[in-house]
There are 2 protein chains.
Amino acid sequence: MISNKCKYAIKALVYIANNEQDDRPVMTADIAREQQIPRKFLEIILRELRNNRILESKRGKDGGFRLLRPASEINLTEVMRIIDGPIAMLPCVSLNYYRKCDECEEESCEIKAVFEQVRDRTLEILNDQTIKSLTLQL
Amino acid sequence: MISNKCKYAIKALVYIANNEQDDRPVMTADIAREQQIPRKFLEIILRELRNNRILESKRGKDGGFRLLRPASEINLTEVMRIIDGPIAMLPCVSLNYYRKCDECEEESCEIKAVFEQVRDRTLEILNDQTIKSLTLQL
DNA sequence: ATATATCCTATCTATTTGATAGTATTTGTT
DNA sequence: AACAAATACTATCAAATAGATAGGATATAT
């Protein structure tokens with residue numbers, strides 16, 4: 001399961017992508033209202049996306065958030081990794097958050113191969129998805 | 001990520017399958033020692049698998065655990081669902097633990113389709129795996 | 001100045017994860 | 001009958017994570 005936080009992050013980015021035609025940044029309050037996301041929680045998420053160079057922000061009146069890159073260059077996996085961390089089902093199989101299991105030697109691990117397969121099939125799908133491709137589904 | 005508990009469960013079942021040639025049940029203490037799983041925690045896991053008709057247990061001297069069905073008929077997904085619950089990445093996309101999202105209407109959800117795909121590819125792999133097929137990799 | 005937006009720090013509650021302790025009960029052996 | 005050895009059960013616990021909320025600081029357009 002991905003966290004609510006991660007789901008909110010993706011939906012917020014899609015909303016921003018869908019509403020950036022004019023040059024005014026998109027406000028937290030608008031995203032929160034339209035996507036039914038708790039406002040203060042959303043603030044934290046958007047700031048985290050800004051800290052990770054997915055968004056840029058503008059403070060003060062007429063402030064808000066804008067995508068720092070074209071929506072077609074923001075990958076779904078990138079967002080998921082920022083918010084939730086590893087995508088793989090086992091730490092010892094994660095490409096970006098690898099961690100050895102305490103209790104087992106990987107050479108003799110019975111289940112590693114299966115979860116490597118799952119990881120590869122999953123990434124094949126998710127790597128193909130960008131914020132842009134998600135907006136097109138509307 | 002699957003939980004440690006789930007990883008322990010799978011490894012314990014594989015160990016039992018690998019050690020049931022004679023007719024004596026496999027003891028918690030042996031599994032715990034060989035697979036480096038905390039003993040008391042493993043007890044809880046094995047009891048849970050017994051309650052869900054994956055294992056049968058025998059108490060007292062020469063007691064222990066045995067597979068209730070042939071290893072080839074215990075599916076990996078079944079074990080994962082017992083211990084960790086849903087396999088899907090979104091509740092609204094889960095086959096066995098479906099739950100509607102609070103904040104969005106599924107017809108207009110931008111991300112549902114992607115995670116349905118991930119679910120299907122994941123289950124294609126996991127549904128093919130049984131405790132038997134995992135033991136053969138040794 | 002003022003209104004309005006993000007920024008930041010602190011805090012909070014509930015749940016889940018991962019586990020341990022101690023006792024009760026069952027069973028085989030002597 | 002006594003004992004040893006195994007699971008069964010109940011209670012508890014600590015740490016981490018999830019999912020937020022509150023309140024004030026700071027920046028900016030008008």
# chains A, B, ... in the order shown; residues from 1 in each chain; ligands from 1
>>> closest_atom_pairs(of="chain B", to="chain C", cutoff="9 Å", atoms="only C-alpha atoms (C1' of nucleotides)", output="tab-separated table")
residue	atom	partner	partner_atom	distance
B:Ser3	CA	C:DT17	C1'	7.9
B:Asn4	CA	C:DG18	C1'	8.1
B:Lys5	CA	C:DG18	C1'	8.0
B:Pro38	CA	C:DA19	C1'	8.0
B:Lys40	CA	C:DT20	C1'	7.2
B:Phe41	CA	C:DA19	C1'	6.2
B:Lys58	CA	C:DT27	C1'	8.7
B:Arg59	CA	C:DT26	C1'	5.6
B:Gly60	CA	C:DT27	C1'	4.2
B:Lys61	CA	C:DG28	C1'	5.6
B:Asp62	CA	C:DG28	C1'	7.4
B:Gly63	CA	C:DT27	C1'	8.1
>>> residues_around(residues="region 89-91 of chain A", least_positions_apart="6", cutoff="7 Å", atoms="only C-alpha atoms (C1' of nucleotides)", output="VMD selection string")
(chain A and resid 97 to 100 115) or (chain B and resid 1 to 2)
>>> write_last_selection(atoms="N, CA, C and O atoms", output="compact mmCIF listing (two decimals), in the first residue's frame")
# COMPACT_ATOMS: atom_id res chain seq x y z
N TYR A 97 16.71 2.09 -2.25
CA TYR A 97 16.77 2.09 -0.79
C TYR A 97 17.27 0.73 -0.28
O TYR A 97 16.77 0.23 0.71
N TYR A 98 18.20 0.16 -0.98
CA TYR A 98 18.70 -1.17 -0.61
C TYR A 98 19.14 -1.25 0.85
O TYR A 98 19.83 -0.37 1.36
N ARG A 99 18.74 -2.31 1.51
CA ARG A 99 19.23 -2.64 2.85
C ARG A 99 19.27 -4.17 3.00
O ARG A 99 18.29 -4.84 2.70
N LYS A 100 20.37 -4.67 3.46
CA LYS A 100 20.50 -6.11 3.67
C LYS A 100 19.55 -6.57 4.77
O LYS A 100 19.33 -5.85 5.74
N PHE A 115 10.56 -11.55 -5.59
CA PHE A 115 10.28 -10.14 -5.35
C PHE A 115 11.12 -9.22 -6.25
O PHE A 115 10.75 -8.06 -6.46
N MET B 1 6.31 -2.38 0.68
CA MET B 1 7.09 -3.30 1.50
C MET B 1 6.18 -4.31 2.21
O MET B 1 5.16 -3.93 2.78
N ILE B 2 6.60 -5.58 2.21
CA ILE B 2 5.92 -6.52 3.09
C ILE B 2 6.57 -6.39 4.47
O ILE B 2 7.69 -5.90 4.59
>>> atom_distance(atom1="CA of Thr135 (chain B)", atom2="CA of Arg66 (chain B)")
15.2 Å
>>> interface_residues(of="chain B", to="chain A", cutoff="9 Å", atoms="only C-alpha atoms", output="PyMOL selection string")
chain B and resi 1-3+7+10-11+14+35-37+86-91+102-104+108-111+114-115+117-119+121-123+125-126+129+134-138
>>> select_by_dssp(residues="region 1-136 of chain A", states="alpha helix (DSSP H)", output="PyMOL selection string")
chain A and resi 4-18+28-35+39-51+76-84+112-126+131-135
>>> closest_residue(among="D:DG24, D:DA8, D:DA1, D:DG19", to="chain A", atoms="only C-alpha atoms (C1' of nucleotides)")
D:DG19
>>> closest_atom_pairs(of="chain D", to="chain A", cutoff="6 Å", atoms="only C-alpha atoms (C1' of nucleotides)", output="tab-separated table")
residue	atom	partner	partner_atom	distance
D:DA27	C1'	A:Gly60	CA	5.5
D:DT28	C1'	A:Gly60	CA	4.4
D:DA29	C1'	A:Lys61	CA	5.6
>>> select_by_dssp(residues="chain A", states="strand (DSSP E or B)", output="mmCIF file with all heavy atoms, in the first residue's frame")
data_model
loop_
_atom_site.group_PDB
_atom_site.id
_atom_site.type_symbol
_atom_site.label_atom_id
_atom_site.label_comp_id
_atom_site.auth_asym_id
_atom_site.auth_seq_id
_atom_site.Cartn_x
_atom_site.Cartn_y
_atom_site.Cartn_z
ATOM 1 N N VAL A 26 -0.459 27.883 -8.307
ATOM 2 C CA VAL A 26 -1.661 27.274 -7.741
ATOM 3 C C VAL A 26 -1.557 27.265 -6.217
ATOM 4 O O VAL A 26 -0.540 26.879 -5.659
ATOM 5 C CB VAL A 26 -1.818 25.834 -8.265
ATOM 6 C CG1 VAL A 26 -3.088 25.207 -7.716
ATOM 7 C CG2 VAL A 26 -1.821 25.823 -9.776
ATOM 8 N N LEU A 55 8.602 20.970 -7.147
ATOM 9 C CA LEU A 55 7.809 22.201 -7.233
ATOM 10 C C LEU A 55 8.680 23.405 -6.932
ATOM 11 O O LEU A 55 9.739 23.296 -6.320
ATOM 12 C CB LEU A 55 6.666 22.146 -6.203
ATOM 13 C CG LEU A 55 5.557 21.126 -6.403
ATOM 14 C CD1 LEU A 55 4.608 21.134 -5.208
ATOM 15 C CD2 LEU A 55 4.794 21.425 -7.691
ATOM 16 N N GLU A 56 8.191 24.574 -7.369
ATOM 17 C CA GLU A 56 8.749 25.826 -6.848
ATOM 18 C C GLU A 56 7.599 26.573 -6.194
ATOM 19 O O GLU A 56 6.436 26.377 -6.541
ATOM 20 C CB GLU A 56 9.383 26.664 -7.956
ATOM 21 C CG GLU A 56 8.415 27.080 -9.054
ATOM 22 C CD GLU A 56 9.094 27.891 -10.150
ATOM 23 O OE1 GLU A 56 10.276 28.247 -9.979
ATOM 24 O OE2 GLU A 56 8.439 28.169 -11.173
ATOM 25 N N SER A 57 7.944 27.410 -5.233
ATOM 26 C CA SER A 57 6.875 28.103 -4.520
ATOM 27 C C SER A 57 7.088 29.608 -4.582
ATOM 28 O O SER A 57 8.208 30.088 -4.771
ATOM 29 C CB SER A 57 6.847 27.655 -3.062
ATOM 30 O OG SER A 57 8.043 28.038 -2.421
ATOM 31 N N LYS A 58 5.996 30.315 -4.411
ATOM 32 C CA LYS A 58 6.066 31.767 -4.314
ATOM 33 C C LYS A 58 5.258 32.168 -3.097
ATOM 34 O O LYS A 58 4.118 31.714 -2.929
ATOM 35 C CB LYS A 58 5.471 32.384 -5.575
ATOM 36 C CG LYS A 58 5.733 33.875 -5.698
ATOM 37 C CD LYS A 58 5.006 34.440 -6.906
ATOM 38 C CE LYS A 58 5.051 35.963 -6.880
ATOM 39 N NZ LYS A 58 3.994 36.540 -7.741
ATOM 40 N N GLY A 64 1.880 30.680 -4.305
ATOM 41 C CA GLY A 64 1.392 29.326 -4.559
ATOM 42 C C GLY A 64 2.516 28.443 -5.095
ATOM 43 O O GLY A 64 3.693 28.733 -4.874
ATOM 44 N N PHE A 65 2.114 27.371 -5.765
ATOM 45 C CA PHE A 65 3.096 26.392 -6.248
ATOM 46 C C PHE A 65 2.997 26.184 -7.751
ATOM 47 O O PHE A 65 1.909 26.212 -8.329
ATOM 48 C CB PHE A 65 2.887 25.053 -5.530
ATOM 49 C CG PHE A 65 3.208 25.104 -4.061
ATOM 50 C CD1 PHE A 65 2.235 25.466 -3.127
ATOM 51 C CD2 PHE A 65 4.486 24.818 -3.598
ATOM 52 C CE1 PHE A 65 2.527 25.526 -1.770
ATOM 53 C CE2 PHE A 65 4.787 24.871 -2.245
ATOM 54 C CZ PHE A 65 3.811 25.224 -1.327
ATOM 55 N N ARG A 66 4.145 25.960 -8.344
ATOM 56 C CA ARG A 66 4.244 25.651 -9.769
ATOM 57 C C ARG A 66 5.173 24.464 -9.957
ATOM 58 O O ARG A 66 6.097 24.279 -9.162
ATOM 59 C CB ARG A 66 4.839 26.846 -10.509
ATOM 60 C CG ARG A 66 3.925 27.474 -11.524
ATOM 61 C CD ARG A 66 4.686 28.464 -12.360
ATOM 62 N NE ARG A 66 5.291 29.505 -11.543
ATOM 63 C CZ ARG A 66 4.834 30.756 -11.463
ATOM 64 N NH1 ARG A 66 3.785 31.112 -12.149
ATOM 65 N NH2 ARG A 66 5.451 31.645 -10.713
ATOM 66 N N LEU A 67 4.960 23.687 -11.003
ATOM 67 C CA LEU A 67 5.906 22.614 -11.321
ATOM 68 C C LEU A 67 7.243 23.230 -11.713
ATOM 69 O O LEU A 67 7.288 24.194 -12.480
ATOM 70 C CB LEU A 67 5.379 21.756 -12.479
ATOM 71 C CG LEU A 67 4.019 21.089 -12.285
ATOM 72 C CD1 LEU A 67 3.671 20.244 -13.521
ATOM 73 C CD2 LEU A 67 3.997 20.215 -11.035
ATOM 74 N N ASN A 75 8.419 11.977 -13.043
ATOM 75 C CA ASN A 75 8.044 10.572 -13.066
ATOM 76 C C ASN A 75 7.302 10.174 -11.799
ATOM 77 O O ASN A 75 7.600 10.663 -10.710
ATOM 78 C CB ASN A 75 9.310 9.742 -13.205
ATOM 79 C CG ASN A 75 8.976 8.389 -13.778
ATOM 80 O OD1 ASN A 75 8.600 7.501 -13.032
ATOM 81 N ND2 ASN A 75 9.064 8.251 -15.073
ATOM 82 N N THR A 130 4.096 9.592 -16.032
ATOM 83 C CA THR A 130 4.523 10.909 -15.551
ATOM 84 C C THR A 130 3.284 11.677 -15.107
ATOM 85 O O THR A 130 2.151 11.243 -15.360
ATOM 86 C CB THR A 130 5.210 11.700 -16.671
ATOM 87 O OG1 THR A 130 4.249 11.940 -17.703
ATOM 88 C CG2 THR A 130 6.390 10.933 -17.236
#
>>> atom_distance(atom1="CA of Val93 (chain B)", atom2="CA of Glu116 (chain B)")
5.9 Å
>>> atom_distance(atom1="C1' of DA18 (chain D)", atom2="CA of Ala12 (chain B)")
29.4 Å
>>> residues_around(residues="Glu43 (chain B)", least_positions_apart="6", cutoff="10 Å", atoms="only C-alpha atoms (C1' of nucleotides)", output="list in words")
Met27, Thr28, Ala29, Ala32, Ile37 and Leu49 of chain B; DT7 and DA8 of chain D
